[in-house]
Amino acid sequence: MLQVLYSGKTSELELSGTPQGLLALGQLLRGMAGSCELSENQDPFPYERSLSGIAFREDPERDTASILTEDQILRIQGGRAALDLLADNIEDFASDADMSHHHHVESSTCDYIAPESDPLVIAFMR
């Protein structure tokens with residue numbers, strides 16, 4: 001199970017899920033392209049809305065990965081190495097036993113994330 005919450009004020013995203021859901025997303029990102037539906041959160045506070053899906057694709061012309069919200073979809077696009085690093089981060093987080101932790105993925109702290117990307121927080125589903 002996965003959900004993505006979005007704040008229009010800050011453009012911040014929260015990707016949360018069960019450990020199994022996050023591990024499955026990490027494996028999915030290792031493919032050339034794909035998508036998945038998300039669980040809807042009726043009360044996304046402190047975020048404004050819940051997104052309906054994730055779509056991604058590999059772009060061999062790029063060195064970094066972009067993470068952008070487009071309507072109700074979280075779009076991830078990037079070079080193979082960048083997508084693999086994102087998958088590694090998601091899988092490593094999902095393997096963490098402490099359910100209270102979260103992890104920030106943004107261009108200021110991760111050199112494989114494109115500067116135009118929306119800030120992303122990975123968390124366990126509440």
# chains A, B, ... in the order shown; residues from 1 in each chain; ligands from 1

call {"tool": "closest_atom_pairs", "arguments": {"of": "stretch 43-98 of chain A", "to": "stretch 103-112 of chain A", "cutoff": "12 Å", "atoms": "only C-alpha atoms", "output": "JSON lines"}}
result
{"residue": "A:Arg62", "atom": "CA", "partner": "A:Tyr112", "partner_atom": "CA", "distance": 10.2}
{"residue": "A:Asp63", "atom": "CA", "partner": "A:Tyr112", "partner_atom": "CA", "distance": 7.3}
{"residue": "A:Thr64", "atom": "CA", "partner": "A:Tyr112", "partner_atom": "CA", "distance": 4.7}
{"residue": "A:Ala65", "atom": "CA", "partner": "A:Tyr112", "partner_atom": "CA", "distance": 6.2}
{"residue": "A:Ser66", "atom": "CA", "partner": "A:Tyr112", "partner_atom": "CA", "distance": 8.9}
{"residue": "A:Ile67", "atom": "CA", "partner": "A:Glu106", "partner_atom": "CA", "distance": 8.9}
{"residue": "A:Leu68", "atom": "CA", "partner": "A:Glu106", "partner_atom": "CA", "distance": 11.3}
{"residue": "A:Gln77", "atom": "CA", "partner": "A:Tyr112", "partner_atom": "CA", "distance": 11.6}
{"residue": "A:Gly78", "atom": "CA", "partner": "A:Tyr112", "partner_atom": "CA", "distance": 9.1}
{"residue": "A:Gly79", "atom": "CA", "partner": "A:Tyr112", "partner_atom": "CA", "distance": 9.2}
{"residue": "A:Arg80", "atom": "CA", "partner": "A:Tyr112", "partner_atom": "CA", "distance": 10.6}
{"residue": "A:Ala81", "atom": "CA", "partner": "A:Tyr112", "partner_atom": "CA", "distance": 8.3}
{"residue": "A:Ala82", "atom": "CA", "partner": "A:Tyr112", "partner_atom": "CA", "distance": 5.3}
{"residue": "A:Leu83", "atom": "CA", "partner": "A:Tyr112", "partner_atom": "CA", "distance": 8.5}
{"residue": "A:Asp84", "atom": "CA", "partner": "A:Tyr112", "partner_atom": "CA", "distance": 9.9}
{"residue": "A:Leu85", "atom": "CA", "partner": "A:Tyr112", "partner_atom": "CA", "distance": 7.5}
{"residue": "A:Leu86", "atom": "CA", "partner": "A:Tyr112", "partner_atom": "CA", "distance": 8.2}
{"residue": "A:Ala87", "atom": "CA", "partner": "A:Val105", "partner_atom": "CA", "distance": 11.4}
{"residue": "A:Asp88", "atom": "CA", "partner": "A:Val105", "partner_atom": "CA", "distance": 11.8}
{"residue": "A:Asn89", "atom": "CA", "partner": "A:Val105", "partner_atom": "CA", "distance": 8.5}
{"residue": "A:Ile90", "atom": "CA", "partner": "A:His103", "partner_atom": "CA", "distance": 8.8}
{"residue": "A:Glu91", "atom": "CA", "partner": "A:His103", "partner_atom": "CA", "distance": 11.5}
{"residue": "A:Asp92", "atom": "CA", "partner": "A:His103", "partner_atom": "CA", "distance": 10.2}
{"residue": "A:Phe93", "atom": "CA", "partner": "A:His103", "partner_atom": "CA", "distance": 7.3}
{"residue": "A:Ala94", "atom": "CA", "partner": "A:His103", "partner_atom": "CA", "distance": 10.3}
{"residue": "A:Asp96", "atom": "CA", "partner": "A:His103", "partner_atom": "CA", "distance": 10.8}
{"residue": "A:Asp98", "atom": "CA", "partner": "A:His103", "partner_atom": "CA", "distance": 11.9}

call {"tool": "residues_around", "arguments": {"residues": "A:Leu51", "least_positions_apart": "3", "cutoff": "10 Å", "atoms": "only C-alpha atoms", "output": "VMD selection string"}}
result
chain A and resid 3 to 6 13 15 37 to 41 48 54 69 to 74

call {"tool": "write_last_selection", "arguments": {"atoms": "C-alpha atoms", "output": "compact mmCIF listing (two decimals), in the first residue's frame"}}
result
# COMPACT_ATOMS: atom_id res chain seq x y z
CA GLN A 3 0.06 7.01 -0.92
CA VAL A 4 1.48 10.36 -2.03
CA LEU A 5 0.35 13.58 -0.36
CA TYR A 6 1.01 17.00 -1.90
CA LEU A 13 5.42 15.57 -1.43
CA LEU A 15 5.49 9.29 -0.28
CA GLU A 37 -2.13 3.43 -8.46
CA LEU A 38 -2.08 4.97 -5.01
CA SER A 39 -4.35 4.73 -1.99
CA GLU A 40 -6.41 7.87 -1.52
CA ASN A 41 -6.18 9.65 1.81
CA GLU A 48 -3.61 19.60 0.80
CA ILE A 54 2.91 7.35 -9.82
CA THR A 69 3.68 16.62 -9.64
CA GLU A 70 1.47 16.87 -12.69
CA ASP A 71 -2.25 17.09 -11.92
CA GLN A 72 -2.94 13.98 -9.80
CA ILE A 73 0.19 12.07 -10.85
CA LEU A 74 3.69 11.96 -9.38

call {"tool": "residues_around", "arguments": {"residues": "A:Ser7", "least_positions_apart": "4", "cutoff": "8 Å", "atoms": "only C-alpha atoms", "output": "PDB file with N, CA and C atoms, in the first residue's frame"}}
result
ATOM      1  N   SER A  11       5.072  22.809  -2.436  1.00  0.00           N
ATOM      2  CA  SER A  11       5.359  21.805  -3.479  1.00  0.00           C
ATOM      3  C   SER A  11       5.979  20.541  -2.896  1.00  0.00           C
ATOM      4  N   GLU A  12       5.900  20.360  -1.578  1.00  0.00           N
ATOM      5  CA  GLU A  12       6.465  19.174  -0.947  1.00  0.00           C
ATOM      6  C   GLU A  12       5.526  17.989  -1.113  1.00  0.00           C
ATOM      7  N   LEU A  13       6.141  16.837  -1.286  1.00  0.00           N
ATOM      8  CA  LEU A  13       5.425  15.572  -1.433  1.00  0.00           C
ATOM      9  C   LEU A  13       5.803  14.648  -0.290  1.00  0.00           C
ATOM     10  N   PRO A  46      -1.117  17.431   7.226  1.00  0.00           N
ATOM     11  CA  PRO A  46      -1.040  18.855   6.909  1.00  0.00           C
ATOM     12  C   PRO A  46      -0.873  19.151   5.407  1.00  0.00           C
ATOM     13  N   TYR A  47      -0.937  18.142   4.583  1.00  0.00           N
ATOM     14  CA  TYR A  47      -0.876  18.339   3.138  1.00  0.00           C
ATOM     15  C   TYR A  47      -2.267  18.712   2.623  1.00  0.00           C
ATOM     16  N   GLU A  48      -2.330  19.134   1.347  1.00  0.00           N
ATOM     17  CA  GLU A  48      -3.607  19.599   0.800  1.00  0.00           C
ATOM     18  C   GLU A  48      -4.395  18.527   0.069  1.00  0.00           C
ATOM     19  N   ARG A  49      -3.694  17.615  -0.586  1.00  0.00           N
ATOM     20  CA  ARG A  49      -4.425  16.607  -1.358  1.00  0.00           C
ATOM     21  C   ARG A  49      -3.611  15.335  -1.509  1.00  0.00           C
TER      22      ARG A  49
END

call {"tool": "closest_residue", "arguments": {"among": "A:Arg126, A:Leu28, A:Ala114, A:Gln20", "to": "A:Ser100", "atoms": "only C-alpha atoms"}}
result
A:Arg126

call {"tool": "atom_distance", "arguments": {"atom1": "atom CA of A:Ala24", "atom2": "atom CA of A:Glu61"}}
result
25.8 Å

call {"tool": "closest_residue", "arguments": {"among": "A:Leu29, A:Ile122, A:Met99, A:Leu2", "to": "A:Ser50", "atoms": "only C-alpha atoms"}}
result
A:Leu2

call {"tool": "closest_residue", "arguments": {"among": "A:Arg30, A:His102, A:Ser117, A:Arg75", "to": "A:Gly17", "atoms": "only C-alpha atoms"}}
result
A:His102

call {"tool": "atom_distance", "arguments": {"atom1": "atom CA of A:Cys36", "atom2": "atom CA of A:Phe56"}}
result
9.2 Å

call {"tool": "select_by_dssp", "arguments": {"residues": "chain A", "states": "strand (DSSP E)", "output": "PyMOL selection string"}}
result
chain A and resi 2-6+13-17+33-37+49-50+53-58+65-70+73-78+102-105+120-124

call {"tool": "atom_distance", "arguments": {"atom1": "atom CA of A:Thr18", "atom2": "atom CA of A:Ser95"}}
result
10.5 Å

call {"tool": "select_by_dssp", "arguments": {"residues": "chain A", "states": "alpha helix (DSSP H)", "output": "VMD selection string"}}
result
chain A and resid 19 to 28 80 to 94

call {"tool": "write_last_selection", "arguments": {"atoms": "N, CA, C and O atoms", "output": "short mmCIF file (atom, residue, chain, number, x, y, z; two decimals), in the first residue's frame"}}
result
data_model
loop_
_atom_site.label_atom_id
_atom_site.label_comp_id
_atom_site.auth_asym_id
_atom_site.auth_seq_id
_atom_site.Cartn_x
_atom_site.Cartn_y
_atom_site.Cartn_z
N PRO A 19 6.14 -1.10 4.64
CA PRO A 19 7.46 -1.54 4.18
C PRO A 19 7.39 -2.35 2.88
O PRO A 19 8.19 -2.14 1.97
N GLN A 20 6.41 -3.24 2.78
CA GLN A 20 6.26 -4.07 1.58
C GLN A 20 5.93 -3.21 0.36
O GLN A 20 6.44 -3.46 -0.74
N GLY A 21 5.07 -2.21 0.51
CA GLY A 21 4.71 -1.33 -0.58
C GLY A 21 5.88 -0.51 -1.08
O GLY A 21 6.08 -0.33 -2.28
N LEU A 22 6.69 0.01 -0.14
CA LEU A 22 7.87 0.78 -0.51
C LEU A 22 8.91 -0.09 -1.20
O LEU A 22 9.53 0.33 -2.18
N LEU A 23 9.10 -1.31 -0.71
CA LEU A 23 10.04 -2.23 -1.36
C LEU A 23 9.59 -2.56 -2.78
O LEU A 23 10.40 -2.60 -3.71
N ALA A 24 8.29 -2.76 -2.97
CA ALA A 24 7.76 -3.05 -4.30
C ALA A 24 7.96 -1.85 -5.24
O ALA A 24 8.29 -2.03 -6.42
N LEU A 25 7.79 -0.63 -4.73
CA LEU A 25 8.02 0.55 -5.56
C LEU A 25 9.48 0.64 -5.96
O LEU A 25 9.79 0.95 -7.12
N GLY A 26 10.38 0.36 -5.03
CA GLY A 26 11.81 0.35 -5.37
C GLY A 26 12.11 -0.60 -6.50
O GLY A 26 12.84 -0.26 -7.45
N GLN A 27 11.54 -1.79 -6.46
CA GLN A 27 11.75 -2.77 -7.54
C GLN A 27 11.13 -2.29 -8.84
O GLN A 27 11.72 -2.46 -9.91
N LEU A 28 9.97 -1.67 -8.77
CA LEU A 28 9.30 -1.16 -9.97
C LEU A 28 10.15 -0.09 -10.66
O LEU A 28 10.26 -0.07 -11.88
N ARG A 80 19.24 5.96 -15.84
CA ARG A 80 19.20 4.67 -15.13
C ARG A 80 19.91 4.74 -13.79
O ARG A 80 19.39 4.26 -12.78
N ALA A 81 21.09 5.34 -13.74
CA ALA A 81 21.84 5.39 -12.47
C ALA A 81 21.07 6.19 -11.42
O ALA A 81 21.01 5.80 -10.25
N ALA A 82 20.45 7.30 -11.82
CA ALA A 82 19.69 8.13 -10.88
C ALA A 82 18.44 7.39 -10.38
O ALA A 82 18.12 7.43 -9.19
N LEU A 83 17.73 6.70 -11.28
CA LEU A 83 16.55 5.93 -10.86
C LEU A 83 16.95 4.80 -9.92
O LEU A 83 16.24 4.51 -8.96
N ASP A 84 18.08 4.17 -10.19
CA ASP A 84 18.56 3.11 -9.30
C ASP A 84 18.91 3.66 -7.92
O ASP A 84 18.64 3.01 -6.90
N LEU A 85 19.53 4.85 -7.86
CA LEU A 85 19.84 5.46 -6.57
C LEU A 85 18.56 5.80 -5.80
O LEU A 85 18.49 5.59 -4.59
N LEU A 86 17.55 6.31 -6.51
CA LEU A 86 16.27 6.58 -5.85
C LEU A 86 15.65 5.28 -5.34
O LEU A 86 15.18 5.21 -4.20
N ALA A 87 15.69 4.24 -6.16
CA ALA A 87 15.17 2.93 -5.73
C ALA A 87 15.93 2.43 -4.51
O ALA A 87 15.32 1.93 -3.55
N ASP A 88 17.26 2.57 -4.51
CA ASP A 88 18.07 2.16 -3.37
C ASP A 88 17.64 2.89 -2.10
O ASP A 88 17.51 2.28 -1.03
N ASN A 89 17.43 4.21 -2.21
CA ASN A 89 17.02 5.00 -1.05
C ASN A 89 15.67 4.56 -0.51
O ASN A 89 15.48 4.45 0.70
N ILE A 90 14.73 4.30 -1.40
CA ILE A 90 13.40 3.86 -0.98
C ILE A 90 13.49 2.48 -0.32
O ILE A 90 12.91 2.25 0.75
N GLU A 91 14.23 1.56 -0.92
CA GLU A 91 14.36 0.21 -0.37
C GLU A 91 15.12 0.22 0.96
O GLU A 91 14.74 -0.50 1.89
N ASP A 92 16.19 1.03 1.05
CA ASP A 92 16.93 1.12 2.31
C ASP A 92 16.04 1.66 3.42
O ASP A 92 16.07 1.16 4.55
N PHE A 93 15.25 2.68 3.10
CA PHE A 93 14.33 3.23 4.09
C PHE A 93 13.31 2.19 4.53
O PHE A 93 13.04 2.03 5.72
N ALA A 94 12.75 1.47 3.57
CA ALA A 94 11.72 0.47 3.87
C ALA A 94 12.26 -0.65 4.76
O ALA A 94 11.51 -1.27 5.51
#
